[in-house]
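Text of data.pdb (PDB, C-alpha atoms) as supplied:
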```pdb
MODEL        1
ATOM      1  CA  MET A 178      82.025  98.228 109.440
ATOM      2  CA  SER A 179      81.826 100.106 112.694
ATOM      3  CA  TYR A 180      84.685 101.981 114.320
ATOM      4  CA  SER A 181      85.691 103.332 117.664
ATOM      5  CA  ILE A 182      85.849 107.104 117.275
ATOM      6  CA  LEU A 183      87.243 109.398 119.981
ATOM      7  CA  ILE A 184      85.878 112.958 119.891
ATOM      8  CA  VAL A 185      87.993 115.494 121.791
ATOM      9  CA  ASP A 186      86.504 118.948 122.313
ATOM     10  CA  ASP A 187      85.992 121.088 125.403
ATOM     11  CA  SER A 188      82.626 122.226 124.064
ATOM     12  CA  LEU A 189      79.796 119.858 125.051
ATOM     13  CA  PRO A 190      77.496 121.200 122.288
ATOM     14  CA  MET A 191      80.253 120.783 119.698
ATOM     15  CA  ARG A 192      80.802 117.160 120.737
ATOM     16  CA  SER A 193      77.062 116.572 120.288
ATOM     17  CA  VAL A 194      77.135 118.220 116.863
ATOM     18  CA  ILE A 195      80.123 116.115 115.766
ATOM     19  CA  LYS A 196      78.385 112.916 116.934
ATOM     20  CA  ARG A 197      75.219 113.897 115.122
ATOM     21  CA  THR A 198      77.171 114.720 111.981
ATOM     22  CA  LEU A 199      79.027 111.400 112.132
ATOM     23  CA  LYS A 200      75.702 109.569 112.365
ATOM     24  CA  ALA A 201      74.440 111.475 109.347
ATOM     25  CA  ALA A 202      77.682 110.677 107.538
ATOM     26  CA  GLY A 203      77.116 106.939 107.916
ATOM     27  CA  TYR A 204      78.970 106.187 111.146
ATOM     28  CA  GLY A 205      75.865 105.623 113.269
ATOM     29  CA  LYS A 206      76.914 102.117 114.305
ATOM     30  CA  SER A 207      80.346 103.225 115.422
ATOM     31  CA  GLU A 208      81.238 103.593 119.087
ATOM     32  CA  MET A 209      81.754 107.264 119.912
ATOM     33  CA  LEU A 210      83.833 108.141 122.963
ATOM     34  CA  GLU A 211      84.176 111.693 124.261
ATOM     35  CA  ALA A 212      86.875 113.695 126.022
ATOM     36  CA  ALA A 213      86.894 117.372 127.011
ATOM     37  CA  ASN A 214      90.662 117.854 126.595
ATOM     38  CA  GLY A 215      93.840 116.105 125.535
ATOM     39  CA  GLN A 216      94.596 114.636 128.943
ATOM     40  CA  GLU A 217      91.146 113.071 129.242
ATOM     41  CA  ALA A 218      91.584 111.682 125.736
ATOM     42  CA  ILE A 219      94.918 110.079 126.626
ATOM     43  CA  ASP A 220      93.330 108.494 129.709
ATOM     44  CA  ILE A 221      90.629 106.987 127.463
ATOM     45  CA  MET A 222      93.162 105.816 124.880
ATOM     46  CA  GLU A 223      95.113 103.956 127.565
ATOM     47  CA  LYS A 224      92.025 101.866 128.321
ATOM     48  CA  SER A 225      90.188 101.594 124.976
ATOM     49  CA  TRP A 226      90.922 100.653 121.384
ATOM     50  CA  ILE A 227      90.527 103.726 119.169
ATOM     51  CA  ASP A 228      90.371 103.657 115.356
ATOM     52  CA  ILE A 229      90.423 107.409 114.798
ATOM     53  CA  VAL A 230      90.594 110.617 116.836
ATOM     54  CA  ILE A 231      88.693 113.778 115.934
ATOM     55  CA  THR A 232      90.012 116.685 117.980
ATOM     56  CA  ASP A 233      89.537 120.382 118.479
ATOM     57  CA  TYR A 234      92.770 122.393 118.688
ATOM     58  CA  ASN A 235      91.935 125.075 121.238
ATOM     59  CA  MET A 236      91.273 123.402 124.594
ATOM     60  CA  PRO A 237      92.184 124.007 128.233
ATOM     61  CA  MET A 238      94.564 121.766 130.220
ATOM     62  CA  MET A 239      96.111 120.035 127.202
ATOM     63  CA  ASP A 240      95.446 121.640 123.825
ATOM     64  CA  GLY A 241      95.183 119.828 120.515
ATOM     65  CA  LEU A 242      98.799 120.351 119.530
ATOM     66  CA  ALA A 243     100.232 118.979 122.782
ATOM     67  CA  PHE A 244      97.753 116.113 122.555
ATOM     68  CA  ILE A 245      98.835 115.132 119.034
ATOM     69  CA  LYS A 246     102.521 115.405 119.926
ATOM     70  CA  THR A 247     101.918 113.108 122.910
ATOM     71  CA  ILE A 248     100.045 110.388 121.039
ATOM     72  CA  LYS A 249     102.371 110.520 118.025
ATOM     73  CA  SER A 250     105.368 109.986 120.283
ATOM     74  CA  ALA A 251     103.884 106.903 121.981
ATOM     75  CA  GLU A 252     104.452 103.496 120.400
ATOM     76  CA  LEU A 253     100.897 102.271 121.048
ATOM     77  CA  SER A 254      99.124 105.288 119.609
ATOM     78  CA  LYS A 255     101.473 106.730 116.972
ATOM     79  CA  ASP A 256      99.634 105.089 114.067
ATOM     80  CA  ILE A 257      96.126 106.191 115.084
ATOM     81  CA  PRO A 258      94.836 108.722 112.533
ATOM     82  CA  VAL A 259      93.971 112.152 113.906
ATOM     83  CA  VAL A 260      91.584 114.655 112.319
ATOM     84  CA  VAL A 261      91.701 118.244 113.578
ATOM     85  CA  ILE A 262      88.568 120.383 113.603
ATOM     86  CA  SER A 263      89.476 124.039 113.462
ATOM     87  CA  THR A 264      87.791 127.388 113.243
ATOM     88  CA  ALA A 265      88.545 129.301 110.055
ATOM     89  CA  GLY A 266      91.415 131.739 110.402
ATOM     90  CA  ASN A 267      93.853 129.304 111.942
ATOM     91  CA  GLU A 268      95.670 128.181 108.817
ATOM     92  CA  SER A 269      99.079 128.595 110.444
ATOM     93  CA  LYS A 270      97.950 126.338 113.290
ATOM     94  CA  ILE A 271      96.697 123.763 110.804
ATOM     95  CA  LYS A 272     100.154 123.582 109.203
ATOM     96  CA  GLU A 273     101.630 123.002 112.667
ATOM     97  CA  PHE A 274      99.169 120.170 113.263
ATOM     98  CA  MET A 275      99.923 118.519 109.930
ATOM     99  CA  ASP A 276     103.657 118.831 110.592
ATOM    100  CA  CYS A 277     103.120 117.086 113.940
ATOM    101  CA  GLY A 278     101.398 114.122 112.346
ATOM    102  CA  ALA A 279      97.702 115.018 111.997
ATOM    103  CA  THR A 280      96.115 113.014 109.190
ATOM    104  CA  GLY A 281      93.642 115.655 108.042
ATOM    105  CA  TYR A 282      91.598 118.653 109.086
ATOM    106  CA  ILE A 283      88.139 120.144 108.722
ATOM    107  CA  THR A 284      87.199 123.770 109.259
ATOM    108  CA  LYS A 285      83.941 124.923 110.813
ATOM    109  CA  PRO A 286      81.281 125.171 109.543
ATOM    110  CA  PHE A 287      81.450 121.670 108.097
ATOM    111  CA  SER A 288      78.953 119.353 106.444
ATOM    112  CA  ALA A 289      78.257 115.667 106.992
ATOM    113  CA  GLU A 290      79.601 115.054 103.475
ATOM    114  CA  GLU A 291      82.948 116.712 104.275
ATOM    115  CA  ILE A 292      83.372 114.555 107.381
ATOM    116  CA  ARG A 293      82.343 111.429 105.484
ATOM    117  CA  ASP A 294      84.699 112.122 102.559
ATOM    118  CA  LEU A 295      87.652 112.639 104.892
ATOM    119  CA  LEU A 296      86.915 109.608 107.073
ATOM    120  CA  VAL A 297      86.409 107.386 104.017
ATOM    121  CA  LYS A 298      89.825 108.495 102.752
ATOM    122  CA  ILE A 299      91.364 107.566 106.092
ATOM    123  CA  LEU A 300      89.373 104.514 107.186
ATOM    124  CA  GLY A 301      87.968 103.198 103.938
ATOM    125  CA  GLU A 302      84.416 103.015 102.643
ATOM    126  CA  VAL A 303      81.589 102.903 105.186
ATOM    127  CA  ASN A 304      78.398 101.011 104.371
ATOM    128  CA  TYR A 305      76.238 104.106 104.144
ATOM    129  CA  GLU A 306      72.955 102.247 103.564
ATOM    130  CA  ASP A 307      73.400 100.241 106.763
ATOM    131  CA  ASP A 308      74.878 102.903 108.969
ATOM    132  CA  VAL A 309      72.996 106.070 108.112
ATOM    133  CA  ASP A 310      70.789 107.639 110.743
ATOM    134  CA  ASP A 311      67.650 108.353 108.741
ATOM    135  CA  GLY A 312      66.521 111.204 110.941
ATOM    136  CA  ASN A 313      69.575 113.346 110.425
ATOM    137  CA  GLN A 314      70.630 113.225 106.808
ATOM    138  CA  ASP A 315      69.938 116.714 105.564
ATOM    139  CA  PHE A 316      71.871 119.181 107.670
ATOM    140  CA  ASP A 317      75.136 120.976 107.410
ATOM    141  CA  PHE A 318      77.377 122.056 110.277
TER
ATOM    142  CA  MET B 292      91.458 148.431 110.255
ATOM    143  CA  LYS B 293      88.948 148.315 113.110
ATOM    144  CA  THR B 294      86.170 149.292 110.693
ATOM    145  CA  MET B 295      87.230 146.502 108.327
ATOM    146  CA  LEU B 296      87.235 144.014 111.196
ATOM    147  CA  MET B 297      83.803 145.171 112.367
ATOM    148  CA  THR B 298      82.438 144.696 108.839
ATOM    149  CA  ALA B 299      83.954 141.195 108.771
ATOM    150  CA  ILE B 300      82.391 140.450 112.169
ATOM    151  CA  LYS B 301      78.947 141.449 110.918
ATOM    152  CA  THR B 302      79.323 139.262 107.831
ATOM    153  CA  SER B 303      80.497 136.367 109.996
ATOM    154  CA  ILE B 304      77.600 136.761 112.431
ATOM    155  CA  SER B 305      75.163 136.531 109.510
ATOM    156  CA  GLU B 306      76.921 133.475 108.060
ATOM    157  CA  VAL B 307      77.299 131.615 111.343
ATOM    158  CA  MET B 308      73.793 132.408 112.615
ATOM    159  CA  GLU B 309      72.206 131.277 109.353
ATOM    160  CA  THR B 310      74.303 128.186 108.597
ATOM    161  CA  MET B 311      74.840 126.814 112.097
ATOM    162  CA  PHE B 312      71.857 128.098 114.059
ATOM    163  CA  PHE B 313      69.275 128.582 111.288
ATOM    164  CA  LEU B 314      68.458 132.084 112.518
ATOM    165  CA  PRO B 315      68.646 134.978 110.044
ATOM    166  CA  VAL B 316      69.696 138.269 111.621
ATOM    167  CA  GLU B 317      69.513 141.997 110.998
ATOM    168  CA  PHE B 318      71.820 144.607 112.449
ATOM    169  CA  GLY B 319      70.630 147.561 114.456
ATOM    170  CA  ARG B 320      72.527 150.604 115.655
ATOM    171  CA  GLU B 321      75.690 150.806 117.647
ATOM    172  CA  LEU B 322      74.601 151.874 121.112
ATOM    173  CA  ALA B 323      76.001 152.127 124.586
ATOM    174  CA  LEU B 324      74.570 149.332 126.715
ATOM    175  CA  ALA B 325      72.700 151.897 128.801
ATOM    176  CA  GLN B 326      70.866 153.122 125.678
ATOM    177  CA  SER B 327      70.164 149.722 124.166
ATOM    178  CA  ARG B 328      67.156 148.638 126.258
ATOM    179  CA  ILE B 329      69.036 145.465 127.050
ATOM    180  CA  ASP B 330      68.435 144.487 130.648
ATOM    181  CA  LYS B 331      71.736 142.881 131.531
ATOM    182  CA  TYR B 332      70.309 141.680 134.833
ATOM    183  CA  ASN B 333      67.517 139.673 133.199
ATOM    184  CA  PHE B 334      68.736 136.254 132.062
ATOM    185  CA  TYR B 335      71.505 137.590 129.910
ATOM    186  CA  PHE B 336      74.257 135.139 129.019
ATOM    187  CA  ALA B 337      77.540 136.832 128.201
ATOM    188  CA  CYS B 338      80.906 135.612 127.027
ATOM    189  CA  GLN B 339      84.132 137.044 125.692
ATOM    190  CA  LEU B 340      87.025 135.944 123.526
ATOM    191  CA  THR B 341      90.416 137.598 123.195
ATOM    192  CA  PHE B 342      92.558 137.663 120.059
ATOM    193  CA  THR B 343      96.026 138.934 119.216
ATOM    194  CA  GLY B 344      97.744 139.686 115.914
ATOM    195  CA  ASP B 345      97.891 142.709 113.610
ATOM    196  CA  LEU B 346      94.986 143.837 115.749
ATOM    197  CA  SER B 347      94.480 142.744 119.312
ATOM    198  CA  GLY B 348      91.392 143.003 121.422
ATOM    199  CA  HIS B 349      88.364 141.036 122.451
ATOM    200  CA  LEU B 350      84.785 140.377 121.488
ATOM    201  CA  ILE B 351      81.936 140.343 123.986
ATOM    202  CA  ILE B 352      78.532 138.880 123.225
ATOM    203  CA  MET B 353      75.393 139.118 125.346
ATOM    204  CA  ALA B 354      72.176 137.253 124.631
ATOM    205  CA  PRO B 355      69.011 136.416 126.574
ATOM    206  CA  LYS B 356      68.566 132.876 127.813
ATOM    207  CA  SER B 357      65.559 132.304 125.530
ATOM    208  CA  LEU B 358      67.589 133.143 122.429
ATOM    209  CA  VAL B 359      70.579 131.049 123.515
ATOM    210  CA  ALA B 360      68.177 128.141 124.146
ATOM    211  CA  GLU B 361      66.768 128.520 120.632
ATOM    212  CA  MET B 362      70.294 128.593 119.203
ATOM    213  CA  ALA B 363      71.296 125.499 121.190
ATOM    214  CA  GLU B 364      68.149 123.660 120.128
ATOM    215  CA  ASN B 365      68.872 124.340 116.460
ATOM    216  CA  PHE B 366      72.595 123.695 116.792
ATOM    217  CA  MET B 367      72.404 120.403 118.687
ATOM    218  CA  GLY B 368      69.067 119.094 117.448
ATOM    219  CA  GLU B 369      67.848 118.612 121.020
ATOM    220  CA  THR B 370      64.601 119.891 122.501
ATOM    221  CA  LYS B 371      64.910 122.832 124.884
ATOM    222  CA  GLU B 372      63.687 120.741 127.813
ATOM    223  CA  LEU B 373      66.793 118.550 127.597
ATOM    224  CA  LEU B 374      69.262 121.431 127.498
ATOM    225  CA  THR B 375      71.230 122.394 130.594
ATOM    226  CA  ASP B 376      72.991 125.684 131.319
ATOM    227  CA  GLU B 377      76.240 123.955 130.280
ATOM    228  CA  HIS B 378      74.721 123.291 126.841
ATOM    229  CA  LEU B 379      73.586 126.917 126.609
ATOM    230  CA  SER B 380      76.844 128.510 127.662
ATOM    231  CA  GLY B 381      78.768 126.070 125.451
ATOM    232  CA  THR B 382      76.626 127.002 122.485
ATOM    233  CA  LEU B 383      77.166 130.726 122.993
ATOM    234  CA  MET B 384      80.935 130.232 123.400
ATOM    235  CA  GLU B 385      81.071 128.091 120.260
ATOM    236  CA  MET B 386      79.114 130.722 118.345
ATOM    237  CA  LEU B 387      81.536 133.446 119.437
ATOM    238  CA  ASN B 388      84.494 131.212 118.568
ATOM    239  CA  MET B 389      83.203 130.630 115.039
ATOM    240  CA  VAL B 390      82.290 134.290 114.508
ATOM    241  CA  CYS B 391      85.713 135.474 115.664
ATOM    242  CA  GLY B 392      87.616 132.883 113.631
ATOM    243  CA  ASN B 393      85.609 133.550 110.494
ATOM    244  CA  ALA B 394      85.913 137.310 110.868
ATOM    245  CA  LEU B 395      89.678 137.230 111.425
ATOM    246  CA  SER B 396      90.106 134.978 108.385
ATOM    247  CA  LYS B 397      88.411 137.658 106.261
ATOM    248  CA  THR B 398      91.008 140.286 107.124
ATOM    249  CA  ASN B 399      94.235 140.545 105.133
ATOM    250  CA  SER B 400      96.458 140.391 108.173
ATOM    251  CA  GLN B 401     100.212 140.018 107.805
ATOM    252  CA  VAL B 402     100.613 138.299 111.168
ATOM    253  CA  PRO B 403      98.540 135.166 111.928
ATOM    254  CA  PHE B 404      95.935 135.825 114.597
ATOM    255  CA  GLU B 405      95.943 133.878 117.842
ATOM    256  CA  MET B 406      92.574 133.304 119.461
ATOM    257  CA  GLY B 407      92.046 132.589 123.136
ATOM    258  CA  ILE B 408      89.458 130.275 124.641
ATOM    259  CA  PRO B 409      85.955 131.756 124.977
ATOM    260  CA  GLU B 410      84.906 132.342 128.576
ATOM    261  CA  MET B 411      81.602 133.124 130.197
ATOM    262  CA  ILE B 412      81.480 136.443 132.038
ATOM    263  CA  ASN B 413      78.973 137.966 134.401
ATOM    264  CA  ALA B 414      76.626 140.052 132.261
ATOM    265  CA  SER B 415      75.754 142.308 135.172
ATOM    266  CA  GLU B 416      79.395 143.420 135.365
ATOM    267  CA  VAL B 417      79.535 144.653 131.753
ATOM    268  CA  SER B 418      79.892 148.424 131.742
ATOM    269  CA  GLU B 419      76.820 150.462 130.826
ATOM    270  CA  ASN B 420      79.128 152.607 128.684
ATOM    271  CA  GLU B 421      80.280 149.667 126.547
ATOM    272  CA  VAL B 422      79.230 150.198 122.925
ATOM    273  CA  PHE B 423      77.414 147.248 121.372
ATOM    274  CA  ILE B 424      75.997 146.478 117.957
ATOM    275  CA  ILE B 425      72.478 145.193 118.306
ATOM    276  CA  VAL B 426      71.832 141.974 116.382
ATOM    277  CA  GLU B 427      68.165 141.218 115.898
ATOM    278  CA  THR B 428      66.561 137.862 115.160
ATOM    279  CA  THR B 429      62.869 137.540 114.343
ATOM    280  CA  GLU B 430      61.850 137.262 117.986
ATOM    281  CA  SER B 431      64.781 138.407 120.047
ATOM    282  CA  LYS B 432      68.007 140.334 120.044
ATOM    283  CA  MET B 433      71.574 140.053 121.250
ATOM    284  CA  ALA B 434      74.474 142.461 121.431
ATOM    285  CA  ILE B 435      78.101 142.219 120.400
ATOM    286  CA  ALA B 436      80.989 144.543 121.217
ATOM    287  CA  LEU B 437      84.471 144.777 119.744
ATOM    288  CA  LYS B 438      87.092 146.236 122.097
ATOM    289  CA  MET B 439      90.570 146.948 120.812
ATOM    290  CA  ASP B 440      93.607 146.888 123.114
TER
ENDMDL
END
```
Since I need it in another form, could you write the structure as structure tokens?
Amino acid sequence: MSYSILIVDDSLPMRSVIKRTLKAAGYGKSEMLEAANGQEAIDIMEKSWIDIVITDYNMPMMDGLAFIKTIKSAELSKDIPVVVISTAGNESKIKEFMDCGATGYITKPFSAEEIRDLLVKILGEVNYEDDVDDGNQDFDF
Amino acid sequence: MKTMLMTAIKTSISEVMETMFFLPVEFGRELALAQSRIDKYNFYFACQLTFTGDLSGHLIIMAPKSLVAEMAENFMGETKELLTDEHLSGTLMEMLNMVCGNALSKTNSQVPFEMGIPEMINASEVSENEVFIIVETTESKMAIALKMD
């Protein structure tokens, strides 16, 4: 099954790395949408169906916390699972995110397996044999 | 405390450079920029990140464009020809973000640290008196400075 995944991160390289990792984790057939901050993400969510959001926490304009609070308070988006990607050393922030309704979190550096395990828990099993991107299976991020 | 943080920063640089950018590093001396043979006017990318907590200050990193391109290529899995300056600066900022976060998590601070957003700075405006640790890769080198408030 393919999904519509929204990646929210102000870092263009990090968005590329997350997409690459998702492909390696078996989500290669999923649609991957990108936003550079919370406000851009909300604009996308108003126009597109999203199955899951993967977001950074530290972003300009609208940071991850304000973004999660906004989507969790809106009827149309409150049930969309949100995964936070955080740098190590922000454990207090992570608790804040979970208290605000985040579904899970991953700390950098992360591996394709960590992303896959978390997304499988949230979305259900992905058909790894069908979806895997053969060129990118053996790397960790 | 600053010494402990600097040790944590070195460990984090090694970990992040090896696991995320596939570039092993060695550490050279601490030198003032003027003594380091780093030509800050010659394609040097520089960025800084502030943090507050038990200790407050900021980290500055400077690296030549060729090294940042190699890091971005390894990090993103794209060939250098496809990489723009936005990719390069984003890669250096992400590297500094991970190094700072990892290093702060290794300290036994009582107060949670708050990290700012990494920002690119003009390398030519970095003071020649700023003291940097030289970080050497097999074919290049970069420099990182820790400034306490």
Each chain B residue no farther than 12 Å from chain A, nearest pair in Å, all atoms listed in the file, as CSV:
```
residue,atom,partner,partner_atom,distance
B:Ser303,CA,A:Ala265,CA,10.7
B:Glu306,CA,A:Pro286,CA,9.5
B:Val307,CA,A:Pro286,CA,7.8
B:Met308,CA,A:Pro286,CA,10.9
B:Glu309,CA,A:Phe318,CA,10.6
B:Thr310,CA,A:Phe318,CA,7.1
B:Met311,CA,A:Phe318,CA,5.7
B:Phe312,CA,A:Phe318,CA,9.0
B:Phe313,CA,A:Asp317,CA,10.4
B:Phe342,CA,A:Gly266,CA,11.4
B:Gly344,CA,A:Gly266,CA,11.6
B:Ala360,CA,A:Pro190,CA,11.8
B:Met362,CA,A:Pro190,CA,10.8
B:Ala363,CA,A:Pro190,CA,7.6
B:Glu364,CA,A:Pro190,CA,9.9
B:Asn365,CA,A:Val194,CA,10.3
B:Phe366,CA,A:Val194,CA,7.1
B:Met367,CA,A:Val194,CA,5.5
B:Gly368,CA,A:Val194,CA,8.1
B:Glu369,CA,A:Ser193,CA,9.5
B:Leu374,CA,A:Pro190,CA,9.7
B:Thr375,CA,A:Pro190,CA,10.5
B:Asp376,CA,A:Leu189,CA,10.9
B:Glu377,CA,A:Leu189,CA,7.5
B:His378,CA,A:Pro190,CA,5.7
B:Leu379,CA,A:Pro190,CA,8.2
B:Ser380,CA,A:Pro190,CA,9.1
B:Gly381,CA,A:Ser188,CA,5.6
B:Thr382,CA,A:Pro190,CA,5.9
B:Leu383,CA,A:Pro190,CA,9.6
B:Met384,CA,A:Ser188,CA,8.2
B:Glu385,CA,A:Ser188,CA,7.2
B:Met386,CA,A:Met191,CA,10.1
B:Leu387,CA,A:Thr264,CA,10.7
B:Asn388,CA,A:Thr264,CA,7.3
B:Met389,CA,A:Thr264,CA,5.9
B:Val390,CA,A:Thr264,CA,8.9
B:Cys391,CA,A:Gly266,CA,8.6
B:Gly392,CA,A:Gly266,CA,5.1
B:Asn393,CA,A:Ala265,CA,5.2
B:Ala394,CA,A:Gly266,CA,7.8
B:Leu395,CA,A:Gly266,CA,5.8
B:Ser396,CA,A:Gly266,CA,4.0
B:Lys397,CA,A:Gly266,CA,7.8
B:Thr398,CA,A:Gly266,CA,9.2
B:Asn399,CA,A:Gly266,CA,10.6
B:Ser400,CA,A:Gly266,CA,10.3
B:Gln401,CA,A:Ser269,CA,11.8
B:Val402,CA,A:Ser269,CA,9.9
B:Pro403,CA,A:Ser269,CA,6.8
B:Phe404,CA,A:Asn267,CA,7.3
B:Glu405,CA,A:Asn267,CA,7.8
B:Met406,CA,A:Asn235,CA,8.4
B:Gly407,CA,A:Asn235,CA,7.8
B:Ile408,CA,A:Asn235,CA,6.7
B:Pro409,CA,A:Asn235,CA,9.7
B:Glu410,CA,A:Pro237,CA,11.1
```
Writer output for current selection, C-alpha atoms, as a JSON list (two decimals), in the frame of the given file:
```
[["chain", "number", "residue", "atom", "x", "y", "z"],
["B", 303, "SER", "CA", 80.50, 136.37, 110.00],
["B", 306, "GLU", "CA", 76.92, 133.48, 108.06],
["B", 307, "VAL", "CA", 77.30, 131.62, 111.34],
["B", 308, "MET", "CA", 73.79, 132.41, 112.62],
["B", 309, "GLU", "CA", 72.21, 131.28, 109.35],
["B", 310, "THR", "CA", 74.30, 128.19, 108.60],
["B", 311, "MET", "CA", 74.84, 126.81, 112.10],
["B", 312, "PHE", "CA", 71.86, 128.10, 114.06],
["B", 313, "PHE", "CA", 69.28, 128.58, 111.29],
["B", 342, "PHE", "CA", 92.56, 137.66, 120.06],
["B", 344, "GLY", "CA", 97.74, 139.69, 115.91],
["B", 360, "ALA", "CA", 68.18, 128.14, 124.15],
["B", 362, "MET", "CA", 70.29, 128.59, 119.20],
["B", 363, "ALA", "CA", 71.30, 125.50, 121.19],
["B", 364, "GLU", "CA", 68.15, 123.66, 120.13],
["B", 365, "ASN", "CA", 68.87, 124.34, 116.46],
["B", 366, "PHE", "CA", 72.60, 123.70, 116.79],
["B", 367, "MET", "CA", 72.40, 120.40, 118.69],
["B", 368, "GLY", "CA", 69.07, 119.09, 117.45],
["B", 369, "GLU", "CA", 67.85, 118.61, 121.02],
["B", 374, "LEU", "CA", 69.26, 121.43, 127.50],
["B", 375, "THR", "CA", 71.23, 122.39, 130.59],
["B", 376, "ASP", "CA", 72.99, 125.68, 131.32],
["B", 377, "GLU", "CA", 76.24, 123.96, 130.28],
["B", 378, "HIS", "CA", 74.72, 123.29, 126.84],
["B", 379, "LEU", "CA", 73.59, 126.92, 126.61],
["B", 380, "SER", "CA", 76.84, 128.51, 127.66],
["B", 381, "GLY", "CA", 78.77, 126.07, 125.45],
["B", 382, "THR", "CA", 76.63, 127.00, 122.48],
["B", 383, "LEU", "CA", 77.17, 130.73, 122.99],
["B", 384, "MET", "CA", 80.94, 130.23, 123.40],
["B", 385, "GLU", "CA", 81.07, 128.09, 120.26],
["B", 386, "MET", "CA", 79.11, 130.72, 118.34],
["B", 387, "LEU", "CA", 81.54, 133.45, 119.44],
["B", 388, "ASN", "CA", 84.49, 131.21, 118.57],
["B", 389, "MET", "CA", 83.20, 130.63, 115.04],
["B", 390, "VAL", "CA", 82.29, 134.29, 114.51],
["B", 391, "CYS", "CA", 85.71, 135.47, 115.66],
["B", 392, "GLY", "CA", 87.62, 132.88, 113.63],
["B", 393, "ASN", "CA", 85.61, 133.55, 110.49],
["B", 394, "ALA", "CA", 85.91, 137.31, 110.87],
["B", 395, "LEU", "CA", 89.68, 137.23, 111.42],
["B", 396, "SER", "CA", 90.11, 134.98, 108.38],
["B", 397, "LYS", "CA", 88.41, 137.66, 106.26],
["B", 398, "THR", "CA", 91.01, 140.29, 107.12],
["B", 399, "ASN", "CA", 94.24, 140.54, 105.13],
["B", 400, "SER", "CA", 96.46, 140.39, 108.17],
["B", 401, "GLN", "CA", 100.21, 140.02, 107.80],
["B", 402, "VAL", "CA", 100.61, 138.30, 111.17],
["B", 403, "PRO", "CA", 98.54, 135.17, 111.93],
["B", 404, "PHE", "CA", 95.94, 135.82, 114.60],
["B", 405, "GLU", "CA", 95.94, 133.88, 117.84],
["B", 406, "MET", "CA", 92.57, 133.30, 119.46],
["B", 407, "GLY", "CA", 92.05, 132.59, 123.14],
["B", 408, "ILE", "CA", 89.46, 130.28, 124.64],
["B", 409, "PRO", "CA", 85.96, 131.76, 124.98],
["B", 410, "GLU", "CA", 84.91, 132.34, 128.58]]
```
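Going from atom CA of Gly215 of chain A to atom CA of Met411 of chain B covers 21.5 Å.
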Check which residues satisfy the PyMOL selection byres ((chain A and resi 221-227) around 9) in the file shown, then give them as an MDAnalysis selection string.
chainID A and resid 180:183 210:212 216:220 228:230 253:254 257
Kindly extract all protein, DNA and RNA residues lying within 6 Å of the coordinates (90.4, 120.0, 115.7) given in the file, considering all atoms listed in the file, and supply them as JSON, numbers by chain.
{"A": [232, 233, 234, 261, 262, 263]}
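Using the PyMOL selection byres ((chain B and resi 336) around 9) on this structure selects B:Lys331, B:Phe334, B:Tyr335, B:Ala337, B:Cys338, B:Ile352, B:Met353, B:Ala354, B:Pro355, B:Lys356, B:Val359, B:Leu379, B:Ser380, B:Leu383, B:Met411, B:Ile412, B:Asn413, B:Ala414.
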Quick one: residues within 10 Å of Met439 of chain B, only C-alpha atoms, excluding same-chain residues fewer than 2 positions away - as a ChimeraX atom specification?
/B:293,341-343,346-350,436-437
Report as AutoDock Vina command-line options the centre and the edge lengths, in Å to one decimal, of the axis-aligned box holding every listed atom of segment 392-410 of chain B, padded by 4 Å on each side.
```
--center_x 92.8 --center_y 135.4 --center_z 116.9 --size_x 23.7 --size_y 18.3 --size_z 31.4
```
How would you write, as a ChimeraX atom specification, the residues chosen by the PyMOL selection byres ((chain A and resi 290) around 9) on this structure?
/A:198,201-202,287-289,291-295,317
From (68.2, 142.7, 109.1), in the file's coordinates, out to 10 Å: which residues are reached, counting all atoms listed in the file? Answer as a PDB file with C-alpha atoms, keeping the file's coordinate frame.
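The result, stored in selection_32.pdb:
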```pdb
ATOM      1  CA  SER B 305      75.163 136.531 109.510  1.00  0.00           C
ATOM      2  CA  PRO B 315      68.646 134.978 110.044  1.00  0.00           C
ATOM      3  CA  VAL B 316      69.696 138.269 111.621  1.00  0.00           C
ATOM      4  CA  GLU B 317      69.513 141.997 110.998  1.00  0.00           C
ATOM      5  CA  PHE B 318      71.820 144.607 112.449  1.00  0.00           C
ATOM      6  CA  GLY B 319      70.630 147.561 114.456  1.00  0.00           C
ATOM      7  CA  VAL B 426      71.832 141.974 116.382  1.00  0.00           C
ATOM      8  CA  GLU B 427      68.165 141.218 115.898  1.00  0.00           C
ATOM      9  CA  THR B 428      66.561 137.862 115.160  1.00  0.00           C
ATOM     10  CA  THR B 429      62.869 137.540 114.343  1.00  0.00           C
TER      11      THR B 429
END
```
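The interatomic distance for the pair atom CA of Arg320 of chain B and atom CA of Ile425 of chain B works out to 6.0 Å.
Taking atom CA of Ile351 of chain B and atom CA of Ser415 of chain B as endpoints, the distance between them is 12.9 Å.
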Would you please work out which residue, of A:Ser207, A:Tyr282, A:Asp186, A:Lys272, is nearest to Met238 of chain A when using all atoms listed in the file?
A:Asp186
Need the shell around Ile245 of chain A: protein/DNA/RNA residues with any atom at most 9 Å away, counting only C-alpha atoms. Skip same-chain ones fewer than 5 positions apart. Format as a ChimeraX atom specification?
/A:215,240,250,259,274,277-279
Filtering to C-alpha atoms, could segment 273-284 of chain A of the supplied structure be written out as a compact mmCIF listing (two decimals), in the first residue's frame?
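Okay, decode29.txt is ready:
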```txt
# COMPACT_ATOMS: atom_id res chain seq x y z
CA GLU A 273 6.39 18.62 24.92
CA PHE A 274 5.71 17.26 21.44
CA MET A 275 4.28 14.00 22.76
CA ASP A 276 2.10 15.93 25.21
CA CYS A 277 0.78 17.99 22.29
CA GLY A 278 -0.26 14.92 20.34
CA ALA A 279 2.79 13.73 18.38
CA THR A 280 2.51 10.02 17.62
CA GLY A 281 6.22 9.21 17.81
CA TYR A 282 9.72 10.56 17.41
CA ILE A 283 13.08 9.67 15.93
CA THR A 284 16.42 11.19 16.87
```
